[in-house]
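To start, the structure under review is shown below, and the notes come after it.
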Amino acid sequence: MAAKLSSNSFGARLRRLREEKNWSLTELAEKAGISRSYLAQIESGESTPTQAKIIQLANALGALPSEIMGEDPNQIDIPDSLRKFAEAANLGSGEIQMLARIEYRGKHPSTAEEWKAIYAVIKGMLGE
């Protein structure tokens, strides 16, 4: 699940969202659980964050990962099985968007139970 993004444009979008909230680098770094220096490197285009860090940053900003990645969220296909799981689990749009990008062997999970298992693994990896 590698994200394709331009470091410079990603960093610029991230900086814009941070500045719209009138937050310092330190404030966003603390809210996202990353170091201030790493955040500065991301914003300047010197470093490209992992998918997990993108999600942390988006959550801290109250934005969708797709928003800071420059994607059009309306172009993401959300399978019916994911919609069913998301409704039962009361997931937010950011979580749904993130899950909708997951494929295993070229296919999306086919049942709400499979989505639930994948979601549990992701949450466990993020320590949530």
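Letters A, B, ... mark the chains of the structure tokens in the order given; residue numbers begin at 1 per chain; ligand numbers begin at 1, in order shown.
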* Which residues come within 12 Å of region 91-99 of chain A, counting only C-alpha atoms, excluding same-chain residues fewer than 4 positions away, as a count of residues only? -> 53
* Would you mind listing what lies within 10 Å of Ile34 (chain A) as an MDAnalysis selection string, with only C-alpha atoms counted and same-chain residues fewer than 5 positions away left out? => chainID A and resid 26 28:29 39 53 56:57
* To do: May I ask for the distance between CA of Gly11 (chain A) and CA of Ile42 (chain A), given in Å to one decimal place?
  =>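 Separating CA of Gly11 (chain A) from CA of Ile42 (chain A) is a distance of 5.5 Å.
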* as a list in words, please: all residues of region 71-107 of chain A that backbone DSSP puts in alpha helix (DSSP H). =>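 Those residues are Asp80, Ser81, Leu82, Arg83, Lys84, Phe85, Ala86, Glu87, Ala88, Ala89, Ser93, Gly94, Glu95, Ile96, Gln97, Met98, Leu99 and Ala100 of chain A.
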* To do: Please identify all polymer residues within 10 Å of Tyr38 (chain A), counting only C-alpha atoms, omitting same-chain residues fewer than 3 positions from it, and present them as a list in words.
  => Leu25, Ala29, Ile34, Ser35, Gln41, Ile42, Glu43, Ser44, Glu46, Ser47, Thr48 and Pro49 of chain A
* To do: May I ask for the distance between CA of Arg13 (chain A) and CA of Ala40 (chain A), given in Å to one decimal place?
  =>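 Here the two named atoms are 13.0 Å from each other.
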